[in-house]
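J.: File follows, entry_14.pdb with PDB, C-alpha atoms, pLDDT in the B column:
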MODEL        1
ATOM      1  CA  MET A   1      -7.124  35.487 -34.986  1.00 76.00           C
ATOM      2  CA  MET A   2      -8.121  32.545 -37.212  1.00 87.00           C
ATOM      3  CA  TRP A   3     -10.144  30.870 -34.448  1.00 89.00           C
ATOM      4  CA  GLN A   4     -12.125  34.089 -33.948  1.00 90.00           C
ATOM      5  CA  GLU A   5     -13.206  34.055 -37.597  1.00 91.00           C
ATOM      6  CA  GLU A   6     -14.123  30.369 -37.357  1.00 92.00           C
ATOM      7  CA  LEU A   7     -16.068  31.014 -34.148  1.00 93.00           C
ATOM      8  CA  LYS A   8     -17.892  33.921 -35.790  1.00 93.00           C
ATOM      9  CA  ASP A   9     -18.731  31.736 -38.804  1.00 94.00           C
ATOM     10  CA  HIS A  10     -19.909  28.911 -36.526  1.00 94.00           C
ATOM     11  CA  ARG A  11     -22.159  31.270 -34.522  1.00 95.00           C
ATOM     12  CA  ARG A  12     -23.682  32.625 -37.742  1.00 95.00           C
ATOM     13  CA  LYS A  13     -24.484  29.084 -38.933  1.00 93.00           C
ATOM     14  CA  VAL A  14     -25.975  28.134 -35.564  1.00 92.00           C
ATOM     15  CA  LYS A  15     -28.119  31.287 -35.687  1.00 94.00           C
ATOM     16  CA  VAL A  16     -29.440  30.426 -39.168  1.00 92.00           C
ATOM     17  CA  ILE A  17     -30.221  26.828 -38.165  1.00 89.00           C
ATOM     18  CA  THR A  18     -31.995  28.079 -35.032  1.00 88.00           C
ATOM     19  CA  GLU A  19     -34.053  30.515 -37.123  1.00 91.00           C
ATOM     20  CA  ILE A  20     -35.067  27.712 -39.480  1.00 88.00           C
ATOM     21  CA  GLU A  21     -35.961  25.463 -36.562  1.00 84.00           C
ATOM     22  CA  ASP A  22     -38.035  28.269 -34.995  1.00 84.00           C
ATOM     23  CA  HIS A  23     -39.827  28.720 -38.311  1.00 86.00           C
ATOM     24  CA  VAL A  24     -40.594  24.986 -38.510  1.00 82.00           C
ATOM     25  CA  ILE A  25     -41.949  25.073 -34.954  1.00 79.00           C
ATOM     26  CA  ARG A  26     -44.161  28.093 -35.773  1.00 82.00           C
ATOM     27  CA  ILE A  27     -45.648  26.560 -38.907  1.00 80.00           C
ATOM     28  CA  ALA A  28     -46.048  23.048 -37.479  1.00 79.00           C
ATOM     29  CA  GLY A  29     -49.274  24.169 -35.813  1.00 78.00           C
ATOM     30  CA  THR A  30     -51.464  21.150 -35.131  1.00 79.00           C
ATOM     31  CA  TYR A  31     -48.494  18.837 -35.609  1.00 82.00           C
ATOM     32  CA  TRP A  32     -46.540  20.341 -32.731  1.00 80.00           C
ATOM     33  CA  SER A  33     -47.253  17.337 -30.521  1.00 82.00           C
ATOM     34  CA  THR A  34     -45.599  15.171 -33.174  1.00 82.00           C
ATOM     35  CA  ILE A  35     -42.291  17.032 -33.098  1.00 83.00           C
ATOM     36  CA  GLU A  36     -42.087  18.419 -29.558  1.00 82.00           C
ATOM     37  CA  SER A  37     -40.500  15.245 -28.182  1.00 86.00           C
ATOM     38  CA  VAL A  38     -37.503  15.404 -30.521  1.00 86.00           C
ATOM     39  CA  THR A  39     -34.714  17.952 -30.665  1.00 85.00           C
ATOM     40  CA  GLY A  40     -32.736  19.198 -33.591  1.00 84.00           C
ATOM     41  CA  LEU A  41     -33.917  20.507 -36.922  1.00 84.00           C
ATOM     42  CA  HIS A  42     -33.221  17.339 -38.895  1.00 88.00           C
ATOM     43  CA  ALA A  43     -34.939  15.059 -36.376  1.00 88.00           C
ATOM     44  CA  ARG A  44     -37.998  17.332 -36.263  1.00 84.00           C
ATOM     45  CA  LEU A  45     -38.254  17.476 -40.054  1.00 85.00           C
ATOM     46  CA  VAL A  46     -37.961  13.683 -40.326  1.00 88.00           C
ATOM     47  CA  LYS A  47     -40.657  13.214 -37.659  1.00 87.00           C
ATOM     48  CA  LEU A  48     -42.908  15.783 -39.348  1.00 84.00           C
ATOM     49  CA  LYS A  49     -42.443  14.121 -42.722  1.00 83.00           C
ATOM     50  CA  GLU A  50     -43.366  10.728 -41.254  1.00 81.00           C
ATOM     51  CA  ARG A  51     -46.553  12.237 -39.863  1.00 80.00           C
ATOM     52  CA  VAL A  52     -47.778  14.242 -42.848  1.00 78.00           C
ATOM     53  CA  ALA A  53     -46.437  12.291 -45.837  1.00 77.00           C
ATOM     54  CA  PRO A  54     -49.251  10.893 -47.967  1.00 74.00           C
ATOM     55  CA  SER A  55     -50.120   7.247 -47.513  1.00 76.00           C
ATOM     56  CA  THR A  56     -49.356   4.810 -50.302  1.00 82.00           C
ATOM     57  CA  TYR A  57     -53.061   4.801 -51.161  1.00 85.00           C
ATOM     58  CA  ALA A  58     -53.195   8.598 -51.322  1.00 84.00           C
ATOM     59  CA  ARG A  59     -50.024   8.713 -53.417  1.00 85.00           C
ATOM     60  CA  GLU A  60     -51.459   6.151 -55.859  1.00 90.00           C
ATOM     61  CA  LEU A  61     -54.652   8.210 -56.178  1.00 90.00           C
ATOM     62  CA  GLU A  62     -52.639  11.354 -56.791  1.00 91.00           C
ATOM     63  CA  VAL A  63     -50.407   9.727 -59.423  1.00 92.00           C
ATOM     64  CA  THR A  64     -53.351   8.020 -61.143  1.00 92.00           C
ATOM     65  CA  ARG A  65     -55.258  11.319 -61.256  1.00 93.00           C
ATOM     66  CA  SER A  66     -52.216  13.100 -62.668  1.00 92.00           C
ATOM     67  CA  TYR A  67     -51.652  10.389 -65.309  1.00 93.00           C
ATOM     68  CA  GLU A  68     -55.305  10.467 -66.390  1.00 92.00           C
ATOM     69  CA  GLN A  69     -55.317  14.257 -66.520  1.00 92.00           C
ATOM     70  CA  VAL A  70     -52.213  14.488 -68.698  1.00 91.00           C
ATOM     71  CA  ARG A  71     -53.718  11.919 -71.083  1.00 88.00           C
ATOM     72  CA  THR A  72     -56.644  14.246 -71.788  1.00 85.00           C
ATOM     73  CA  GLN A  73     -54.946  17.637 -72.065  1.00 84.00           C
ATOM     74  CA  ALA A  74     -52.510  17.157 -74.951  1.00 82.00           C
ATOM     75  CA  LYS A  75     -54.337  19.632 -77.184  1.00 76.00           C
ATOM     76  CA  SER A  76     -54.936  22.259 -74.499  1.00 69.00           C
ATOM     77  CA  THR A  77     -51.266  22.911 -73.625  1.00 69.00           C
ATOM     78  CA  GLN A  78     -48.020  23.660 -75.403  1.00 82.00           C
ATOM     79  CA  THR A  79     -46.603  20.438 -76.871  1.00 82.00           C
ATOM     80  CA  TRP A  80     -43.242  20.670 -75.090  1.00 85.00           C
ATOM     81  CA  GLU A  81     -44.969  21.467 -71.823  1.00 87.00           C
ATOM     82  CA  TRP A  82     -47.365  18.552 -72.278  1.00 88.00           C
ATOM     83  CA  LEU A  83     -44.514  16.139 -73.072  1.00 88.00           C
ATOM     84  CA  ALA A  84     -42.734  17.139 -69.867  1.00 89.00           C
ATOM     85  CA  GLU A  85     -45.949  16.590 -67.884  1.00 90.00           C
ATOM     86  CA  TRP A  86     -46.473  13.248 -69.640  1.00 91.00           C
ATOM     87  CA  GLU A  87     -42.972  12.048 -68.791  1.00 91.00           C
ATOM     88  CA  ARG A  88     -43.346  13.132 -65.168  1.00 92.00           C
ATOM     89  CA  ALA A  89     -46.751  11.467 -64.747  1.00 93.00           C
ATOM     90  CA  LEU A  90     -45.603   8.297 -66.509  1.00 92.00           C
ATOM     91  CA  ARG A  91     -42.388   8.107 -64.477  1.00 92.00           C
ATOM     92  CA  ASP A  92     -44.375   8.425 -61.223  1.00 92.00           C
ATOM     93  CA  ALA A  93     -46.875   5.768 -62.343  1.00 92.00           C
ATOM     94  CA  ILE A  94     -44.089   3.376 -63.358  1.00 91.00           C
ATOM     95  CA  GLU A  95     -42.348   3.954 -60.032  1.00 91.00           C
ATOM     96  CA  LEU A  96     -45.540   2.923 -58.219  1.00 89.00           C
ATOM     97  CA  LYS A  97     -46.029   0.000 -60.655  1.00 90.00           C
ATOM     98  CA  LEU A  98     -49.595   1.052 -61.450  1.00 91.00           C
ATOM     99  CA  PRO A  99     -51.495  -1.357 -63.726  1.00 89.00           C
ATOM    100  CA  ASP A 100     -52.263   1.456 -66.203  1.00 85.00           C
ATOM    101  CA  VAL A 101     -48.604   1.612 -67.216  1.00 88.00           C
ATOM    102  CA  GLN A 102     -47.855  -2.072 -67.696  1.00 86.00           C
ATOM    103  CA  ASP A 103     -47.053  -3.767 -71.003  1.00 84.00           C
ATOM    104  CA  THR A 104     -47.897  -1.603 -74.047  1.00 83.00           C
ATOM    105  CA  ARG A 105     -50.549   0.507 -72.321  1.00 88.00           C
ATOM    106  CA  PRO A 106     -48.391   3.636 -71.948  1.00 90.00           C
ATOM    107  CA  THR A 107     -47.663   3.615 -75.675  1.00 88.00           C
ATOM    108  CA  ARG A 108     -51.345   3.252 -76.543  1.00 89.00           C
ATOM    109  CA  HIS A 109     -52.250   5.994 -74.066  1.00 91.00           C
ATOM    110  CA  PHE A 110     -49.557   8.239 -75.490  1.00 91.00           C
ATOM    111  CA  LEU A 111     -50.764   7.695 -79.052  1.00 91.00           C
ATOM    112  CA  GLN A 112     -54.397   8.311 -78.058  1.00 91.00           C
ATOM    113  CA  ALA A 113     -53.374  11.588 -76.449  1.00 90.00           C
ATOM    114  CA  VAL A 114     -51.105  12.623 -79.331  1.00 89.00           C
ATOM    115  CA  GLU A 115     -53.844  11.865 -81.849  1.00 90.00           C
ATOM    116  CA  LYS A 116     -55.331  15.283 -80.967  1.00 84.00           C
ATOM    117  CA  ILE A 117     -52.051  17.006 -81.873  1.00 85.00           C
ATOM    118  CA  ASP A 118     -50.886  14.942 -84.844  1.00 88.00           C
ATOM    119  CA  PRO A 119     -53.480  12.445 -86.107  1.00 91.00           C
ATOM    120  CA  LEU A 120     -51.256  11.154 -88.932  1.00 93.00           C
ATOM    121  CA  PHE A 121     -48.403  10.330 -86.551  1.00 90.00           C
ATOM    122  CA  ALA A 122     -50.726   8.504 -84.168  1.00 90.00           C
ATOM    123  CA  GLN A 123     -52.512   6.600 -86.931  1.00 93.00           C
ATOM    124  CA  THR A 124     -49.217   5.539 -88.496  1.00 91.00           C
ATOM    125  CA  TRP A 125     -48.079   4.055 -85.197  1.00 88.00           C
ATOM    126  CA  PHE A 126     -51.473   2.480 -84.466  1.00 89.00           C
ATOM    127  CA  ASN A 127     -51.283   0.801 -87.889  1.00 90.00           C
ATOM    128  CA  THR A 128     -47.681  -0.323 -87.329  1.00 87.00           C
ATOM    129  CA  ILE A 129     -48.527  -1.877 -83.974  1.00 86.00           C
ATOM    130  CA  GLU A 130     -51.656  -3.565 -85.338  1.00 87.00           C
ATOM    131  CA  THR A 131     -49.720  -4.904 -88.325  1.00 87.00           C
ATOM    132  CA  ASN A 132     -47.136  -6.405 -85.979  1.00 81.00           C
ATOM    133  CA  ALA A 133     -49.921  -7.989 -83.927  1.00 81.00           C
ATOM    134  CA  VAL A 134     -51.650  -9.490 -86.980  1.00 82.00           C
ATOM    135  CA  VAL A 135     -48.632 -10.533 -89.056  1.00 81.00           C
ATOM    136  CA  THR A 136     -46.670 -12.048 -86.177  1.00 79.00           C
ATOM    137  CA  PRO A 137     -49.203 -12.993 -83.475  1.00 76.00           C
ATOM    138  CA  GLU A 138     -46.636 -15.163 -81.699  1.00 76.00           C
ATOM    139  CA  ILE A 139     -44.395 -12.188 -80.952  1.00 72.00           C
ATOM    140  CA  GLN A 140     -44.951 -10.158 -77.816  1.00 72.00           C
ATOM    141  CA  LEU A 141     -46.030  -6.688 -78.837  1.00 70.00           C
ATOM    142  CA  LYS A 142     -44.024  -5.194 -76.009  1.00 68.00           C
ATOM    143  CA  THR A 143     -40.803  -6.255 -77.753  1.00 70.00           C
ATOM    144  CA  VAL A 144     -41.655  -4.486 -81.030  1.00 66.00           C
ATOM    145  CA  THR A 145     -43.631  -1.521 -79.710  1.00 72.00           C
ATOM    146  CA  PRO A 146     -41.799   1.653 -78.744  1.00 68.00           C
ATOM    147  CA  ASP A 147     -42.079   2.587 -75.102  1.00 64.00           C
ATOM    148  CA  ARG A 148     -42.005   6.338 -74.610  1.00 54.00           C
ATOM    149  CA  SER A 149     -39.348   6.607 -77.314  1.00 46.00           C
ATOM    150  CA  PHE A 150     -40.982   9.534 -79.049  1.00 49.00           C
ATOM    151  CA  GLU A 151     -39.720  13.035 -79.442  1.00 42.00           C
ATOM    152  CA  ILE A 152     -40.708  16.229 -81.178  1.00 39.00           C
ATOM    153  CA  SER A 153     -38.719  16.865 -84.325  1.00 38.00           C
ATOM    154  CA  SER A 154     -37.607  20.305 -85.370  1.00 33.00           C
ATOM    155  CA  HIS A 155     -40.567  20.376 -87.772  1.00 35.00           C
ATOM    156  CA  SER A 156     -43.104  20.196 -84.924  1.00 42.00           C
ATOM    157  CA  SER A 157     -44.254  16.786 -86.059  1.00 48.00           C
ATOM    158  CA  LEU A 158     -44.013  13.944 -83.591  1.00 50.00           C
ATOM    159  CA  MET A 159     -41.485  11.409 -84.742  1.00 43.00           C
ATOM    160  CA  PRO A 160     -40.337   8.118 -83.198  1.00 43.00           C
ATOM    161  CA  LEU A 161     -36.693   7.895 -82.172  1.00 39.00           C
TER     162      LEU A 161
ENDMDL
END
For the structure just supplied, provide its representation as structure tokens.

T.:
Amino acid sequence: MMWQEELKDHRRKVKVITEIEDHVIRIAGTYWSTIESVTGLHARLVKLKERVAPSTYARELEVTRSYEQVRTQAKSTQTWEWLAEWERALRDAIELKLPDVQDTRPTRHFLQAVEKIDPLFAQTWFNTIETNAVVTPEIQLKTVTPDRSFEISSHSSLMPL
């Protein structure tokens, strides 16, 4: 009796996997020649991903475009929503080691974007960073400049952590 239940369960799983594989084959369209030589759902998906995944160049363009876009839309979106987009775009740019996110650039970009939302917050931090640069020119700004360590306080004013 137990083996019948297990066999029934196994057949149901095989049916679902076959349906998914049939769906992949139907939607593959022009990429059919890429996946026809391999069998199995996983192997076909891996082969399809290899074929259609964006190149490193295309991915860099996409991430750069996203990072630049989020830098300019701070005022046009909800603050929490914008912060989530900022973190996502910055994380992707850091992962790709883009030049725009090296050293203190992300902090400056963040402050320039936030200036539209809270000019006093941004100016305070611009002044703090400039003071550090002038008073102690031998120190590396990166060591005394916050890097993405900003959050929204309960009073809707941007505050450093």

J.: In terms of the shortest atom-to-atom distance over all atoms listed in the file, which of A:His42, A:Arg65, A:Phe126, A:Arg26 is closest to Val114 in chain A?

T.: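 Closest candidate: A:Phe126.
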
J.: Rounded to one decimal place, report the CA of Arg71 in chain A-CA of Ala113 in chain A distance in Å.

T.: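 For CA of Arg71 in chain A relative to CA of Ala113 in chain A, the distance reads 5.4 Å.
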
J.: On this structure, the PyMOL selection byres ((chain A and resi 72-75) around 10) would catch which residues? List them as a list in words, sorted by chain and number.

T.: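 Here the PyMOL selection byres ((chain A and resi 72-75) around 10) matches Tyr67, Glu68, Gln69, Val70, Arg71, Ser76, Thr77, Gln78, Thr79, Trp80, Glu81, Trp82, Leu83, Glu85, Trp86, His109, Phe110, Gln112, Ala113, Val114, Glu115, Lys116, Ile117 and Asp118 of chain A.
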
J.: Need to verify the contact set: range 57-60 of chain A, 8 Å, all atoms listed in the file, exclusion of same-chain residues closer than 6 positions in sequence. Can you return it as a PDB file with C-alpha atoms, in the frame of the given file?

T.:
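The resulting file, out23.pdb, is shown below:
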ATOM      1  CA  ALA A  93     -46.875   5.768 -62.343  1.00 92.00           C
ATOM      2  CA  LEU A  96     -45.540   2.923 -58.219  1.00 89.00           C
ATOM      3  CA  LEU A  98     -49.595   1.052 -61.450  1.00 91.00           C
TER       4      LEU A  98
END

J.: Could you jot down the CA of Ile27 in chain A to CA of Val46 in chain A separation for me, Å, one decimal place?

T.: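 Answer for the CA of Ile27 in chain A to CA of Val46 in chain A separation: 15.1 Å.
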
J.: Skip Gly40 in chain A itself and residues of its chain fewer than 5 positions away, then list as an MDAnalysis selection string all residues within 10 Å of it, counting only C-alpha atoms.

T.: chainID A and resid 17:18 21 35 45

J.: Expressed in Å to a single decimal, how great is the separation between CA of Glu62 in chain A and CA of Ile94 in chain A?

T.: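 Result for CA of Glu62 in chain A versus CA of Ile94 in chain A: 13.4 Å, one decimal.
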
J.: When the PyMOL selection byres ((chain A and resi 25) around 12) is applied to the file above, which residues end up in the set, as JSON, numbers by chain?

T.: {"A": [18, 19, 20, 21, 22, 23, 24, 26, 27, 28, 29, 30, 31, 32, 33, 34, 35, 36, 38, 39, 40, 41, 44, 45, 48]}

J.: Of the candidates A:Glu130, A:Arg91, A:Asp103, A:Ser66, which shows the shortest atom-to-atom distance to Thr143 in chain A, using all atoms listed in the file?

T.: A:Asp103

J.: What residues have an atom no more than 12 Å from (-45.2, -5.5, -83.3) in the file's own frame, counting all atoms listed in the file, and can you write them as a VMD selection string?

T.: chain A and resid 104 125 to 147

J.: Take the residues from that selection and write them out as a PDB file, in the frame of the given file, keeping C-alpha atoms.

T.:
ATOM      1  CA  THR A 104     -47.897  -1.603 -74.047  1.00 83.00           C
ATOM      2  CA  TRP A 125     -48.079   4.055 -85.197  1.00 88.00           C
ATOM      3  CA  PHE A 126     -51.473   2.480 -84.466  1.00 89.00           C
ATOM      4  CA  ASN A 127     -51.283   0.801 -87.889  1.00 90.00           C
ATOM      5  CA  THR A 128     -47.681  -0.323 -87.329  1.00 87.00           C
ATOM      6  CA  ILE A 129     -48.527  -1.877 -83.974  1.00 86.00           C
ATOM      7  CA  GLU A 130     -51.656  -3.565 -85.338  1.00 87.00           C
ATOM      8  CA  THR A 131     -49.720  -4.904 -88.325  1.00 87.00           C
ATOM      9  CA  ASN A 132     -47.136  -6.405 -85.979  1.00 81.00           C
ATOM     10  CA  ALA A 133     -49.921  -7.989 -83.927  1.00 81.00           C
ATOM     11  CA  VAL A 134     -51.650  -9.490 -86.980  1.00 82.00           C
ATOM     12  CA  VAL A 135     -48.632 -10.533 -89.056  1.00 81.00           C
ATOM     13  CA  THR A 136     -46.670 -12.048 -86.177  1.00 79.00           C
ATOM     14  CA  PRO A 137     -49.203 -12.993 -83.475  1.00 76.00           C
ATOM     15  CA  GLU A 138     -46.636 -15.163 -81.699  1.00 76.00           C
ATOM     16  CA  ILE A 139     -44.395 -12.188 -80.952  1.00 72.00           C
ATOM     17  CA  GLN A 140     -44.951 -10.158 -77.816  1.00 72.00           C
ATOM     18  CA  LEU A 141     -46.030  -6.688 -78.837  1.00 70.00           C
ATOM     19  CA  LYS A 142     -44.024  -5.194 -76.009  1.00 68.00           C
ATOM     20  CA  THR A 143     -40.803  -6.255 -77.753  1.00 70.00           C
ATOM     21  CA  VAL A 144     -41.655  -4.486 -81.030  1.00 66.00           C
ATOM     22  CA  THR A 145     -43.631  -1.521 -79.710  1.00 72.00           C
ATOM     23  CA  PRO A 146     -41.799   1.653 -78.744  1.00 68.00           C
ATOM     24  CA  ASP A 147     -42.079   2.587 -75.102  1.00 64.00           C
TER      25      ASP A 147
END
